[in-house]
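J.: My structure file work23.txt, compact mmCIF, C-alpha atoms, is below:
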# COMPACT_ATOMS: atom_id res chain seq x y z
CA MET M 1 48.32 101.66 122.61
CA ARG M 2 46.73 98.27 121.99
CA LEU M 3 43.08 97.50 121.55
CA SER M 4 41.74 94.85 123.87
CA SER M 5 41.27 91.54 122.13
CA LEU M 6 37.55 91.74 122.74
CA ALA M 7 37.41 95.07 120.97
CA MET M 8 39.49 93.67 118.12
CA THR M 9 37.19 90.68 117.78
CA THR M 10 34.08 92.83 117.81
CA LEU M 11 35.63 95.08 115.23
CA GLY M 12 36.64 92.08 113.13
CA VAL M 13 33.21 90.50 113.27
CA THR M 14 31.52 93.78 112.44
CA ALA M 15 33.85 94.31 109.52
CA VAL M 16 33.18 90.84 108.16
CA THR M 17 29.41 91.25 108.50
CA VAL M 18 29.45 94.64 106.90
CA ALA M 19 31.72 93.38 104.12
CA ALA M 20 29.44 90.45 103.38
CA PHE M 21 26.48 92.80 103.30
CA ALA M 22 28.31 95.21 101.06
CA ALA M 23 29.51 92.53 98.66
CA SER M 24 25.99 91.23 98.12
CA HIS M 25 24.92 94.70 97.10
CA ALA M 26 27.82 95.18 94.70
CA ASN M 27 29.33 98.52 93.92
CA PRO M 28 27.08 101.33 95.20
CA ALA M 29 27.59 100.35 98.84
CA LEU M 30 31.34 100.05 98.41
CA GLU M 31 31.55 103.32 96.50
CA GLY M 32 29.50 104.96 99.21
CA ALA M 33 31.95 103.86 101.86
CA VAL M 34 34.91 105.22 99.87
CA LYS M 35 33.11 108.56 99.39
CA ALA M 36 32.14 108.73 103.04
CA ARG M 37 35.61 108.10 104.42
CA ASN M 38 37.13 110.57 102.01
CA ALA M 39 34.55 113.09 103.25
CA GLN M 40 35.69 112.23 106.77
CA MET M 41 39.28 112.90 105.69
CA GLY M 42 38.04 116.19 104.19
CA MET M 43 36.65 117.18 107.59
CA ILE M 44 39.91 116.22 109.23
CA SER M 45 41.85 118.19 106.65
CA TYR M 46 39.65 121.32 106.89
CA HIS M 47 40.01 121.61 110.66
CA THR M 48 43.71 120.80 110.55
CA GLY M 49 44.02 123.64 108.04
CA LEU M 50 42.32 126.14 110.38
CA LEU M 51 44.77 125.19 113.13
CA GLY M 52 47.73 125.08 110.76
CA SER M 53 47.17 128.57 109.41
CA MET M 54 47.08 129.95 112.96
CA ALA M 55 50.25 128.01 113.77
CA LYS M 56 51.94 129.54 110.73
CA GLY M 57 50.68 133.03 111.57
CA GLU M 58 48.62 133.31 108.39
CA THR M 59 45.47 133.95 110.43
CA PRO M 60 45.45 135.59 113.88
CA TYR M 61 45.26 133.27 116.86
CA ASP M 62 41.83 133.08 118.48
CA ALA M 63 41.30 130.67 121.37
CA ALA M 64 37.59 130.04 120.72
CA THR M 65 38.06 129.34 117.00
CA ALA M 66 41.05 127.13 117.69
CA THR M 67 39.14 125.13 120.29
CA ALA M 68 36.17 124.68 117.97
CA ALA M 69 38.44 123.46 115.18
CA ALA M 70 40.27 121.08 117.52
CA GLU M 71 37.01 119.63 118.87
CA ASN M 72 35.68 118.99 115.37
CA LEU M 73 39.00 117.46 114.39
CA ALA M 74 38.84 115.12 117.37
CA ALA M 75 35.24 114.20 116.59
CA ALA M 76 36.03 113.46 112.94
CA ALA M 77 39.09 111.43 113.91
CA SER M 78 37.10 109.22 116.27
CA MET M 79 34.29 108.20 113.92
CA ASN M 80 33.58 104.49 114.06
CA ARG M 81 35.80 102.86 111.48
CA ALA M 82 33.81 99.63 111.05
CA VAL M 83 31.36 101.10 108.54
CA LEU M 84 33.86 103.29 106.71
CA TRP M 85 36.80 100.97 106.08
CA ILE M 86 34.93 98.05 104.56
CA ALA M 87 36.90 95.12 103.15
CA GLY M 88 36.84 95.01 99.34
CA THR M 89 37.18 98.78 98.93
CA GLU M 90 40.93 98.93 98.31
CA GLN M 91 42.57 100.86 95.47
CA GLY M 92 41.84 99.13 92.19
CA ALA M 93 38.69 97.44 93.47
CA VAL M 94 36.57 100.59 93.76
CA ALA M 95 36.95 103.72 91.62
CA GLY M 96 38.49 106.64 93.49
CA SER M 97 39.87 104.57 96.34
CA ARG M 98 43.47 105.04 97.43
CA ALA M 99 43.18 102.70 100.37
CA LYS M 100 45.93 100.08 100.43
CA ALA M 101 45.06 96.41 100.92
CA GLU M 102 47.30 96.49 104.03
CA ILE M 103 44.47 98.27 105.88
CA TRP M 104 42.77 94.89 106.01
CA SER M 105 45.73 92.50 105.96
CA ASP M 106 47.30 94.44 108.86
CA ALA M 107 44.14 95.66 110.58
CA ALA M 108 45.82 96.02 113.97
CA GLY M 109 48.50 98.32 112.53
CA PHE M 110 45.89 100.50 110.85
CA GLU M 111 43.90 100.70 114.06
CA GLU M 112 47.02 101.80 115.91
CA LYS M 113 47.60 104.67 113.47
CA ALA M 114 43.95 105.70 113.71
CA ILE M 115 44.22 105.83 117.49
CA GLY M 116 47.45 107.77 117.01
CA LEU M 117 45.44 110.56 115.37
CA GLU M 118 42.72 110.37 118.02
CA THR M 119 45.40 110.86 120.67
CA ALA M 120 47.07 113.75 118.84
CA ALA M 121 43.68 115.40 118.28
CA ALA M 122 42.80 115.03 121.97
CA ALA M 123 46.10 116.74 122.84
CA MET M 124 45.18 119.49 120.40
CA VAL M 125 41.82 120.02 122.14
CA GLU M 126 43.77 120.65 125.35
CA ALA M 127 46.35 122.89 123.71
CA ALA M 128 44.29 124.89 121.22
CA GLY M 129 42.53 127.12 123.77
CA THR M 130 45.63 127.64 125.92
CA ASP M 131 47.76 129.86 123.73
CA LEU M 132 49.47 130.01 120.34
CA GLU M 133 52.67 128.39 121.61
CA ALA M 134 50.76 125.37 122.92
CA LEU M 135 48.84 125.10 119.65
CA ARG M 136 52.09 125.16 117.68
CA GLY M 137 53.50 122.45 119.91
CA ALA M 138 50.50 120.17 119.36
CA MET M 139 50.53 120.77 115.59
CA LYS M 140 53.55 118.55 115.06
CA GLY M 141 51.83 115.59 116.71
CA VAL M 142 48.84 116.01 114.41
CA GLY M 143 50.99 116.27 111.29
CA ASP M 144 53.05 113.24 112.26
CA ALA M 145 49.87 111.22 112.88
CA CYS M 146 48.64 111.93 109.33
CA GLY M 147 51.96 110.94 107.76
CA ALA M 148 52.33 107.86 109.96
CA CYS M 149 49.11 106.44 108.49
CA HIS M 150 49.31 107.77 104.93
CA LYS M 151 52.78 106.27 104.48
CA PRO M 152 51.84 102.61 104.95
CA TYR M 153 48.11 102.65 104.21
CA ARG M 154 47.39 105.13 101.43
CA GLY M 155 48.22 104.28 97.82
CA PRO M 156 49.57 106.53 95.04
CA GLN M 157 47.45 109.05 93.14
CA ASN M 158 45.08 107.36 90.69
CA MET X 159 60.12 97.99 88.11
CA ARG X 160 58.97 96.49 84.82
CA TRP X 161 61.83 98.27 83.12
CA VAL X 162 64.36 96.24 85.05
CA LEU X 163 63.11 93.18 83.25
CA ARG X 164 63.70 94.67 79.85
CA VAL X 165 67.03 96.00 80.96
CA GLY X 166 68.01 92.55 82.10
CA VAL X 167 67.19 90.83 78.84
CA VAL X 168 68.69 93.45 76.59
CA LEU X 169 71.81 93.89 78.66
CA ALA X 170 72.53 90.22 78.99
CA VAL X 171 72.44 89.93 75.23
CA LEU X 172 74.36 93.11 74.58
CA ALA X 173 76.97 92.30 77.16
CA ALA X 174 77.67 89.01 75.51
CA GLY X 175 77.84 90.61 72.08
CA LEU X 176 79.74 93.78 72.80
CA GLY X 177 82.28 92.20 74.98
CA TRP X 178 84.06 92.57 78.18
CA VAL X 179 85.71 95.94 77.77
CA LEU X 180 82.61 98.10 77.61
CA THR X 181 81.26 96.56 80.79
CA ARG X 182 84.43 96.91 82.87
CA PRO X 183 83.72 98.23 86.38
CA ALA X 184 85.21 101.68 86.93
CA SER X 185 87.59 102.66 89.74
CA LEU X 186 88.06 105.93 91.58
CA PRO X 187 91.24 107.97 91.21
CA ASP X 188 93.67 107.71 94.14
CA THR X 189 93.25 111.43 94.65
CA PHE X 190 89.53 111.01 95.53
CA ALA X 191 88.81 113.25 98.55
CA ALA X 192 92.54 113.55 99.19
CA GLY X 193 93.26 115.62 102.29
CA HIS X 194 89.61 115.73 103.38
CA VAL X 195 89.05 115.45 107.13
CA PRO X 196 85.90 113.34 107.68
CA ASP X 197 83.06 115.19 109.42
CA PRO X 198 80.38 112.77 110.73
CA ASP X 199 78.01 115.63 111.61
CA ASN X 200 77.86 116.71 108.00
CA GLY X 201 77.65 113.00 107.17
CA ALA X 202 74.39 112.76 109.15
CA LEU X 203 72.84 115.45 106.96
CA ILE X 204 74.06 113.69 103.80
CA PHE X 205 72.54 110.48 105.16
CA HIS X 206 69.13 112.15 105.59
CA ALA X 207 69.35 113.88 102.21
CA GLY X 208 70.22 110.54 100.59
CA GLY X 209 67.35 108.67 102.22
CA CYS X 210 69.61 105.70 103.00
CA ALA X 211 67.47 104.68 105.99
CA SER X 212 64.32 104.44 103.83
CA CYS X 213 65.79 101.45 102.01
CA HIS X 214 68.37 100.00 104.40
CA THR X 215 66.56 99.76 107.75
CA ALA X 216 64.77 96.47 108.35
CA PRO X 217 61.19 96.48 106.99
CA GLU X 218 59.71 95.79 110.42
CA ALA X 219 61.81 98.49 112.12
CA GLU X 220 59.79 101.08 114.05
CA THR X 221 60.23 104.51 112.51
CA ASP X 222 61.30 106.53 115.49
CA SER X 223 63.19 109.55 114.24
CA ALA X 224 64.80 110.05 117.66
CA ALA X 225 66.57 106.67 117.66
CA LEU X 226 69.68 105.93 115.61
CA PRO X 227 68.79 103.90 112.51
CA ILE X 228 69.94 100.27 112.35
CA LEU X 229 70.91 99.57 108.76
CA ALA X 230 70.26 95.83 108.89
CA GLY X 231 68.79 95.65 105.39
CA GLY X 232 66.20 93.12 104.26
CA LEU X 233 63.67 95.40 102.60
CA PRO X 234 62.44 93.54 99.50
CA PHE X 235 62.18 95.19 96.10
CA VAL X 236 59.73 93.01 94.23
CA THR X 237 59.99 92.96 90.44
CA GLU X 238 58.35 90.66 87.90
CA PHE X 239 61.45 88.60 87.40
CA GLY X 240 62.66 88.32 90.94
CA THR X 241 63.16 90.08 94.22
CA PHE X 242 66.10 92.19 95.40
CA TYR X 243 66.84 92.61 99.09
CA ALA X 244 68.57 95.67 100.46
CA PRO X 245 71.85 94.57 102.07
CA ASN X 246 73.08 95.17 105.61
CA ILE X 247 75.18 98.37 105.51
CA SER X 248 75.56 98.74 109.26
CA PRO X 249 79.14 98.92 110.59
CA ASP X 250 79.07 95.27 111.68
CA LEU X 251 82.46 93.71 110.87
CA ASP X 252 81.08 90.44 109.49
CA GLN X 253 77.63 91.12 108.10
CA GLY X 254 77.82 94.85 107.43
CA ILE X 255 80.38 97.18 105.89
CA GLY X 256 82.49 97.67 109.02
CA GLU X 257 85.60 96.31 107.29
CA TRP X 258 85.19 98.49 104.23
CA SER X 259 87.60 101.30 103.41
CA ALA X 260 86.27 104.79 102.77
CA GLN X 261 87.48 104.41 99.18
CA GLY X 262 85.58 101.15 98.74
CA PHE X 263 82.45 102.77 100.11
CA ALA X 264 82.83 105.77 97.82
CA ARG X 265 83.26 103.48 94.83
CA ALA X 266 80.04 101.66 95.74
CA VAL X 267 77.97 104.81 96.28
CA THR X 268 79.25 106.90 93.37
CA LEU X 269 80.17 104.28 90.77
CA GLY X 270 77.86 101.43 91.74
CA VAL X 271 80.78 98.99 91.96
CA SER X 272 81.39 96.60 94.87
CA PRO X 273 84.76 96.07 96.57
CA GLN X 274 84.94 92.80 94.61
CA GLY X 275 84.61 94.82 91.41
CA GLN X 276 81.04 93.84 90.57
CA HIS X 277 78.32 96.17 89.31
CA TYR X 278 75.37 96.89 91.54
CA TYR X 279 71.80 96.93 90.25
CA PRO X 280 70.39 100.43 89.74
CA ALA X 281 67.75 99.78 92.41
CA PHE X 282 70.59 101.25 94.48
CA PRO X 283 70.34 104.83 93.17
CA TYR X 284 74.05 105.44 92.53
CA ALA X 285 73.15 107.02 89.18
CA ALA X 286 72.00 109.98 91.30
CA TYR X 287 74.52 109.65 94.15
CA GLN X 288 77.46 109.96 91.74
CA ARG X 289 76.75 113.71 91.76
CA ALA X 290 77.70 113.94 95.45
CA THR X 291 81.02 115.66 96.19
CA PRO X 292 83.90 113.43 97.39
CA GLY X 293 83.92 115.23 100.75
CA ASP X 294 80.21 114.57 101.33
CA VAL X 295 80.63 110.87 100.49
CA ILE X 296 83.55 110.47 102.91
CA ASP X 297 81.58 112.31 105.63
CA LEU X 298 78.62 109.98 104.98
CA PHE X 299 80.88 106.97 105.51
CA ALA X 300 82.20 108.46 108.77
CA TYR X 301 78.61 108.92 110.00
CA ILE X 302 77.49 105.39 109.07
CA GLN X 303 80.46 104.07 111.09
CA THR X 304 78.93 105.68 114.20
CA LEU X 305 75.60 103.80 113.85
CA PRO X 306 74.74 100.61 115.75
CA PRO X 307 75.99 97.38 114.11
CA SER X 308 73.58 94.63 113.12
CA GLU X 309 74.45 90.96 112.76
CA VAL X 310 71.63 90.24 110.33
CA GLU X 311 72.94 88.24 107.38
CA ASN X 312 72.39 89.54 103.85
CA ARG X 313 69.57 87.87 102.05
CA PRO X 314 70.67 86.87 98.53
CA HIS X 315 68.66 88.42 95.70
CA ASP X 316 66.13 86.03 94.31
CA VAL X 317 66.88 86.76 90.67
CA GLY X 318 67.28 84.13 87.96
CA PHE X 319 69.35 83.88 84.79
CA PRO X 320 70.04 86.05 82.80
CA PHE X 321 69.28 88.95 85.13
CA ASN X 322 71.78 87.70 87.64
CA ILE X 323 74.66 88.57 85.31
CA ARG X 324 75.96 91.75 86.89
CA ARG X 325 78.57 92.34 84.24
CA GLY X 326 75.89 93.40 81.76
CA LEU X 327 75.01 96.35 83.95
CA GLY X 328 78.27 97.99 82.88
CA LEU X 329 76.67 98.75 79.58
CA TRP X 330 73.55 100.14 81.18
CA LYS X 331 75.75 102.53 83.13
CA ARG X 332 77.52 103.68 79.97
CA LEU X 333 74.19 104.44 78.36
CA PHE X 334 72.33 106.03 81.24
CA VAL X 335 74.59 107.28 84.00
CA ALA X 336 75.32 110.88 83.05
CA GLU X 337 77.47 113.01 85.32
CA ASP X 338 76.22 116.41 84.23
CA PHE X 339 73.29 118.15 85.88
CA VAL X 340 70.02 118.27 83.99
CA VAL X 341 68.72 121.75 84.86
CA ALA X 342 70.96 124.68 83.90
CA THR X 343 71.15 127.56 86.37
CA ASP X 344 73.48 130.36 87.56
CA ASN X 345 71.55 131.02 90.76
CA PRO X 346 73.57 129.74 93.75
CA VAL X 347 70.46 128.83 95.77
CA VAL X 348 69.00 126.85 92.88
CA GLN X 349 72.41 125.26 92.37
CA ARG X 350 72.41 124.05 95.99
CA GLY X 351 68.87 122.73 95.49
CA ARG X 352 69.94 121.03 92.28
CA TYR X 353 72.90 119.42 94.00
CA LEU X 354 70.54 117.89 96.56
CA ALA X 355 67.55 117.12 94.31
CA GLU X 356 69.38 115.70 91.28
CA GLY X 357 71.99 114.04 93.48
CA LEU X 358 71.57 112.73 96.99
CA ALA X 359 67.80 113.14 97.32
CA HIS X 360 67.33 111.34 93.95
CA CYS X 361 63.92 112.95 93.30
CA ALA X 362 64.03 111.98 89.62
CA GLU X 363 64.31 108.25 90.41
CA CYS X 364 60.61 108.45 91.28
CA HIS X 365 59.33 111.62 89.57
CA THR X 366 60.76 110.98 86.07
CA SER X 367 59.60 108.29 83.68
CA ARG X 368 61.99 105.79 82.11
CA ASN X 369 62.62 104.68 78.55
CA ALA X 370 62.33 101.08 77.41
CA LEU X 371 65.78 100.29 78.79
CA GLY X 372 65.16 101.82 82.18
CA GLY X 373 67.14 105.01 81.60
CA LEU X 374 65.59 108.22 82.96
CA ASP X 375 63.87 110.30 80.26
CA ARG X 376 65.66 113.64 80.52
CA THR X 377 63.11 115.29 78.22
CA GLY X 378 60.42 114.55 80.79
CA TRP X 379 62.51 115.59 83.81
CA MET X 380 60.34 115.50 86.99
CA ALA X 381 57.19 115.46 84.83
CA GLY X 382 55.78 112.44 86.64
CA ALA X 383 55.91 108.69 86.08
CA PRO X 384 53.84 105.57 86.45
CA ASN X 385 54.13 104.13 89.94
CA PRO X 386 56.46 101.13 90.01
CA SER X 387 53.92 99.33 92.20
CA GLY X 388 51.68 99.25 89.12
CA LYS X 389 48.95 101.28 90.81
CA GLY X 390 48.48 105.00 90.21
CA THR X 391 51.07 107.60 89.27
CA ILE X 392 53.84 109.66 90.82
CA PRO X 393 52.96 113.32 90.27
CA ASN X 394 54.46 115.82 87.85
CA ILE X 395 56.24 118.43 90.01
CA THR X 396 57.25 120.85 87.23
CA PRO X 397 55.50 124.26 87.17
CA ALA X 398 53.29 122.96 84.35
CA ALA X 399 51.41 120.85 86.88
CA LEU X 400 52.32 122.10 90.34
CA GLU X 401 51.20 125.61 91.26
CA TRP X 402 52.51 125.67 94.82
CA SER X 403 54.55 128.65 96.03
CA GLU X 404 58.07 128.26 97.35
CA ALA X 405 56.68 128.63 100.90
CA ASP X 406 54.14 125.87 100.18
CA LEU X 407 56.95 123.56 99.09
CA ILE X 408 59.05 124.31 102.16
CA ALA X 409 56.04 123.60 104.41
CA TYR X 410 55.43 120.32 102.56
CA PHE X 411 59.06 119.22 102.93
CA THR X 412 58.92 120.13 106.65
CA SER X 413 55.53 118.84 107.84
CA GLY X 414 54.15 116.83 104.92
CA PHE X 415 51.13 119.15 104.66
CA THR X 416 50.06 120.28 101.20
CA PRO X 417 48.66 123.83 100.85
CA ASP X 418 45.11 122.44 101.23
CA TYR X 419 46.06 120.28 104.22
CA ASP X 420 46.24 116.93 102.64
CA SER X 421 49.23 115.03 103.96
CA ALA X 422 51.98 113.33 101.94
CA GLY X 423 51.50 109.63 101.45
CA GLY X 424 53.37 106.57 100.24
CA GLU X 425 57.08 106.84 99.53
CA MET X 426 56.87 110.63 99.66
CA ALA X 427 56.04 110.46 103.37
CA GLU X 428 59.45 108.84 103.87
CA VAL X 429 61.11 111.48 101.72
CA VAL X 430 59.47 114.16 103.89
CA GLU X 431 60.70 112.39 107.03
CA ASN X 432 64.22 112.61 105.62
CA LEU X 433 63.97 116.18 104.30
CA SER X 434 62.50 117.42 107.58
CA GLN X 435 65.85 116.61 109.21
CA LEU X 436 67.81 118.90 106.88
CA PRO X 437 68.53 122.55 107.70
CA GLU X 438 65.70 124.88 106.64
CA ALA X 439 68.05 126.51 104.11
CA ASP X 440 68.45 123.20 102.27
CA ARG X 441 64.69 122.63 102.12
CA ALA X 442 64.36 126.19 100.78
CA ALA X 443 67.04 125.46 98.17
CA ILE X 444 65.20 122.32 97.01
CA ALA X 445 61.98 124.37 96.83
CA ALA X 446 63.77 127.00 94.71
CA TYR X 447 65.03 124.22 92.43
CA VAL X 448 61.52 122.77 92.02
CA LYS X 449 60.21 126.23 91.10
CA ALA X 450 63.04 126.58 88.56
CA LEU X 451 62.28 123.28 86.78
CA PRO X 452 61.39 123.68 83.10
CA ALA X 453 57.61 123.34 82.78
CA ILE X 454 56.73 120.03 81.12
CA PRO X 455 53.04 119.13 80.82
Please lay out the structure from this file as structure tokens.
T.:
Amino acid sequence: MRLSSLAMTTLGVTAVTVAAFAASHANPALEGAVKARNAQMGMISYHTGLLGSMAKGETPYDAATATAAAENLAAAASMNRAVLWIAGTEQGAVAGSRAKAEIWSDAAGFEEKAIGLETAAAAMVEAAGTDLEALRGAMKGVGDACGACHKPYRGPQN
Amino acid sequence: MRWVLRVGVVLAVLAAGLGWVLTRPASLPDTFAAGHVPDPDNGALIFHAGGCASCHTAPEAETDSAALPILAGGLPFVTEFGTFYAPNISPDLDQGIGEWSAQGFARAVTLGVSPQGQHYYPAFPYAAYQRATPGDVIDLFAYIQTLPPSEVENRPHDVGFPFNIRRGLGLWKRLFVAEDFVVATDNPVVQRGRYLAEGLAHCAECHTSRNALGGLDRTGWMAGAPNPSGKGTIPNITPAALEWSEADLIAYFTSGFTPDYDSAGGEMAEVVENLSQLPEADRAAIAAYVKALPAIP
């Protein structure tokens, strides 16, 4: 699951431009990015929760609800990262951030984990409307995708 | 890891002053695990509970839980006075521990003493592992012998004088390695959880703060600690701070999801990877133990 080098370059250039822009405007822009991506994570978390509680049997399975949740999850997971993960917004640099510096020093690795969630969410869109068993099966992929990124790229509680 | 620095200075001085005897590396009795038939399948569970792979697989190794771990070592532990590197503990005859006896292995894991009779640094969490039963340690050795060998050479620790004097660690052990369990309980499920949590799974190594000499503060057991990386904190998991139900804890140890669908991060994600490979009953026992912790704000 590799990005083409053109895509990587575009992403890199965008990130640099955005970072330069952000730096010249000091903190509000950086803080805004941290807030926005945490809100994105909140969306991801909310929809994962809807699916998770059906998987656990806490709420009854409903194909339409599950599909809606999975589609929103997939949409949230595929938001363009260039304007959310701006260089200079790591933990310690901006209040409230728990983003590790490795997100930028190992940008390709971070991208791979992000695509990992996009892929798991796409599988969930397929599975969610099928039946409860399929939903349960896809749940593990989603959970693993969260952990696979949080482990290397998210810092400890502030 | 700031504490290691202080430990180093104080111990080097104390060791010189208090002499050789107090710092003498301990040995195991000949009767250790006598008559025990090694069971590598149980050893695999002990391996996951102990989190050996989290420290001893190569840093660049892909985490693929289906593949057998290669314990090539090399993960750096950066401290202010130098860097430790996890050694190769694969069964390779030259570079790993393939030539070791089960007794030598047990001495290393439970007493923190090498086959050459030298103390290990407490970055290797033997202060917790010493609570493992002899049978479990022997089974663990049998399992590690079944893993793929690696020819990667050990990287020497990059640690200067006086911290490189291992003998001084003998005194640290006398002060801070306590065999007894911390939480008192008669409940057999909580006892099983305690065996895992205070022993092999070494939860306190991260979740408990340390005194000036690097000993765990038993009065603040599992009540949280500064993060050794210098950024942020490791959370308090006693009932004073954590309101999760037992079912919430089991779900977290299985999938990494918190009750509000955040997902475990940092070192805890690795702990979850390890715990998720234990039988459900063991995760439930650890959950029961966490619920039974004395509440410390």
J.: So, with only C-alpha atoms as the atoms that count, which of M:Ala36, M:Pro152, M:Leu51, M:Thr67 lies closest to Trp104 in chain M?
T.: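 Comparing M:Ala36, M:Pro152, M:Leu51, M:Thr67 against Trp104 in chain M, the winner is M:Pro152.
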J.: Which chain M residues are at most 7 Å from chain X (counting all atoms listed in the file), as an NGL selection string?
T.: :M and (45 or 48-49 or 143 or 146-147 or 150-152 or 154-158)
J.: May I have the residues from that selection written out with C-alpha atoms, as an mmCIF file, in the frame of the given file?
T.:
data_model
loop_
_atom_site.group_PDB
_atom_site.id
_atom_site.type_symbol
_atom_site.label_atom_id
_atom_site.label_comp_id
_atom_site.auth_asym_id
_atom_site.auth_seq_id
_atom_site.Cartn_x
_atom_site.Cartn_y
_atom_site.Cartn_z
ATOM 1 C CA SER M 45 41.850 118.190 106.650
ATOM 2 C CA THR M 48 43.710 120.800 110.550
ATOM 3 C CA GLY M 49 44.020 123.640 108.040
ATOM 4 C CA GLY M 143 50.990 116.270 111.290
ATOM 5 C CA CYS M 146 48.640 111.930 109.330
ATOM 6 C CA GLY M 147 51.960 110.940 107.760
ATOM 7 C CA HIS M 150 49.310 107.770 104.930
ATOM 8 C CA LYS M 151 52.780 106.270 104.480
ATOM 9 C CA PRO M 152 51.840 102.610 104.950
ATOM 10 C CA ARG M 154 47.390 105.130 101.430
ATOM 11 C CA GLY M 155 48.220 104.280 97.820
ATOM 12 C CA PRO M 156 49.570 106.530 95.040
ATOM 13 C CA GLN M 157 47.450 109.050 93.140
ATOM 14 C CA ASN M 158 45.080 107.360 90.690
#
J.: Could you jot down the CA of Val236 in chain X to CA of Phe299 in chain X separation for me, Å, one decimal place?
T.: 27.7 Å
J.: So, counting only C-alpha atoms, which residue among M:Met54, M:Ala101, M:Gly42, M:Ala95 is closest to Pro28 in chain M?
T.: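 Of the candidates, the smallest distance to Pro28 in chain M is held by M:Ala95.
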J.: Give me the residues within 7 Å of Ile302 in chain X as an MDAnalysis selection string, counting all atoms listed in the file and dropping any in the same chain fewer than 3 places off.
T.: chainID X and resid 248:249 298:299 305
J.: How would the residues just chosen look if you wrote them out with C-alpha atoms as a CSV table (one decimal), in the coordinates of the input?
T.:
chain,number,residue,atom,x,y,z
X,248,SER,CA,75.6,98.7,109.3
X,249,PRO,CA,79.1,98.9,110.6
X,298,LEU,CA,78.6,110.0,105.0
X,299,PHE,CA,80.9,107.0,105.5
X,305,LEU,CA,75.6,103.8,113.8
J.: So how far away is CA of Gly270 in chain X from CA of Pro187 in chain X, in Å?
T.: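 For CA of Pro187 in chain X relative to CA of Gly270 in chain X, the distance reads 14.9 Å.
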J.: Would you kindly return, as a list in words, each protein, DNA or RNA residue with an atom no farther than 7 Å from any atom of Arg325 in chain X, considering only C-alpha atoms and excluding same-chain residues fewer than 3 positions away?
T.: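 So the residues in contact are Thr181, Gln276, His277 and Gly328 of chain X.
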J.: Quick one: residues within 10 Å of Ala75 in chain M, only C-alpha atoms, excluding same-chain residues fewer than 5 positions away - as a compact mmCIF listing (two decimals) with C-alpha atoms, keeping the file's coordinate frame?
T.:
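File produced: part14.txt:
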# COMPACT_ATOMS: atom_id res chain seq x y z
CA MET M 43 36.65 117.18 107.59
CA ILE M 44 39.91 116.22 109.23
CA ALA M 69 38.44 123.46 115.18
CA ALA M 70 40.27 121.08 117.52
CA GLU M 118 42.72 110.37 118.02
CA ALA M 121 43.68 115.40 118.28
CA ALA M 122 42.80 115.03 121.97
J.: Would you please work out which residue, of X:Ala362, X:Ala264, X:Val310, X:Ile454, is nearest to Thr215 in chain X when using all atoms listed in the file?
T.: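 Between X:Ala362, X:Ala264, X:Val310, X:Ile454, the residue approaching Thr215 in chain X most closely is X:Val310.
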J.: Draw an axis-aligned box tight on the listed atoms of range 282-287 of chain X, then pad every side by 5 Å and write out centre and edge lengths in Å to one decimal as JSON.
T.:
{"center_x": 72.4, "center_y": 105.6, "center_z": 91.8, "size_x": 14.2, "size_y": 18.7, "size_z": 15.3}
J.: Report as a ChimeraX atom specification all protein, DNA and RNA residues lying within 6 Å of Ala286 in chain X, evaluated on only C-alpha atoms, omitting residues in the same chain fewer than 2 positions from it.
T.: /X:283-284,288,357,360
J.: If we count all atoms listed in the file, what is near Lys35 in chain M at a cut-off of 12 Å, once residues fewer than 2 positions away on the same chain are taken out, given as number ranges by chain?
T.: M: 28-33, 37-42, 83-86, 89, 94-99
J.: What does the structure give for the distance between CA of Ala184 in chain X and CA of Trp379 in chain X, in Å to one decimal?
T.: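 Computed distance, CA of Ala184 in chain X to CA of Trp379 in chain X, equals 26.8 Å.
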J.: Have a look at M:Ala87, M:Ala55, M:Val34, M:Ala77 and name the one nearest to Ala138 in chain M; count all atoms listed in the file.
T.: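 Checking each of M:Ala87, M:Ala55, M:Val34, M:Ala77 against Ala138 in chain M, counting all atoms listed in the file, the winner is M:Ala55.
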J.: With distances taken over all atoms listed in the file, which residue among M:Ala120, M:Leu132, M:Ala127, M:Ala76 lies nearest Ala145 in chain M?
T.: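 That would be M:Ala120, the residue with the smallest distance to Ala145 in chain M.
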J.: Point out the residue among X:Leu451, X:Ala398, X:Ile296, X:Ala446 with the least atom-to-atom distance to Asp197 in chain X, counting all atoms listed in the file.
T.: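 Checking each of X:Leu451, X:Ala398, X:Ile296, X:Ala446 against Asp197 in chain X, counting all atoms listed in the file, the winner is X:Ile296.
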J.: Assuming the input is short of atoms at range 450-454 of chain X, produce N, CA and C atoms for that part as a tab-separated table (two decimals), in the coordinates of the input.
T.:
chain	number	residue	atom	x	y	z
X	450	ALA	N	62.24	126.25	89.74
X	450	ALA	CA	63.04	126.58	88.56
X	450	ALA	C	63.02	125.48	87.50
X	451	LEU	N	62.33	124.37	87.77
X	451	LEU	CA	62.28	123.28	86.78
X	451	LEU	C	61.60	123.77	85.50
X	452	PRO	N	62.10	123.36	84.33
X	452	PRO	CA	61.39	123.68	83.10
X	452	PRO	C	59.99	123.04	83.15
X	453	ALA	N	58.99	123.84	82.74
X	453	ALA	CA	57.61	123.34	82.78
X	453	ALA	C	57.39	122.30	81.69
X	454	ILE	N	57.02	121.10	82.09
X	454	ILE	CA	56.73	120.03	81.12
X	454	ILE	C	55.35	119.47	81.45
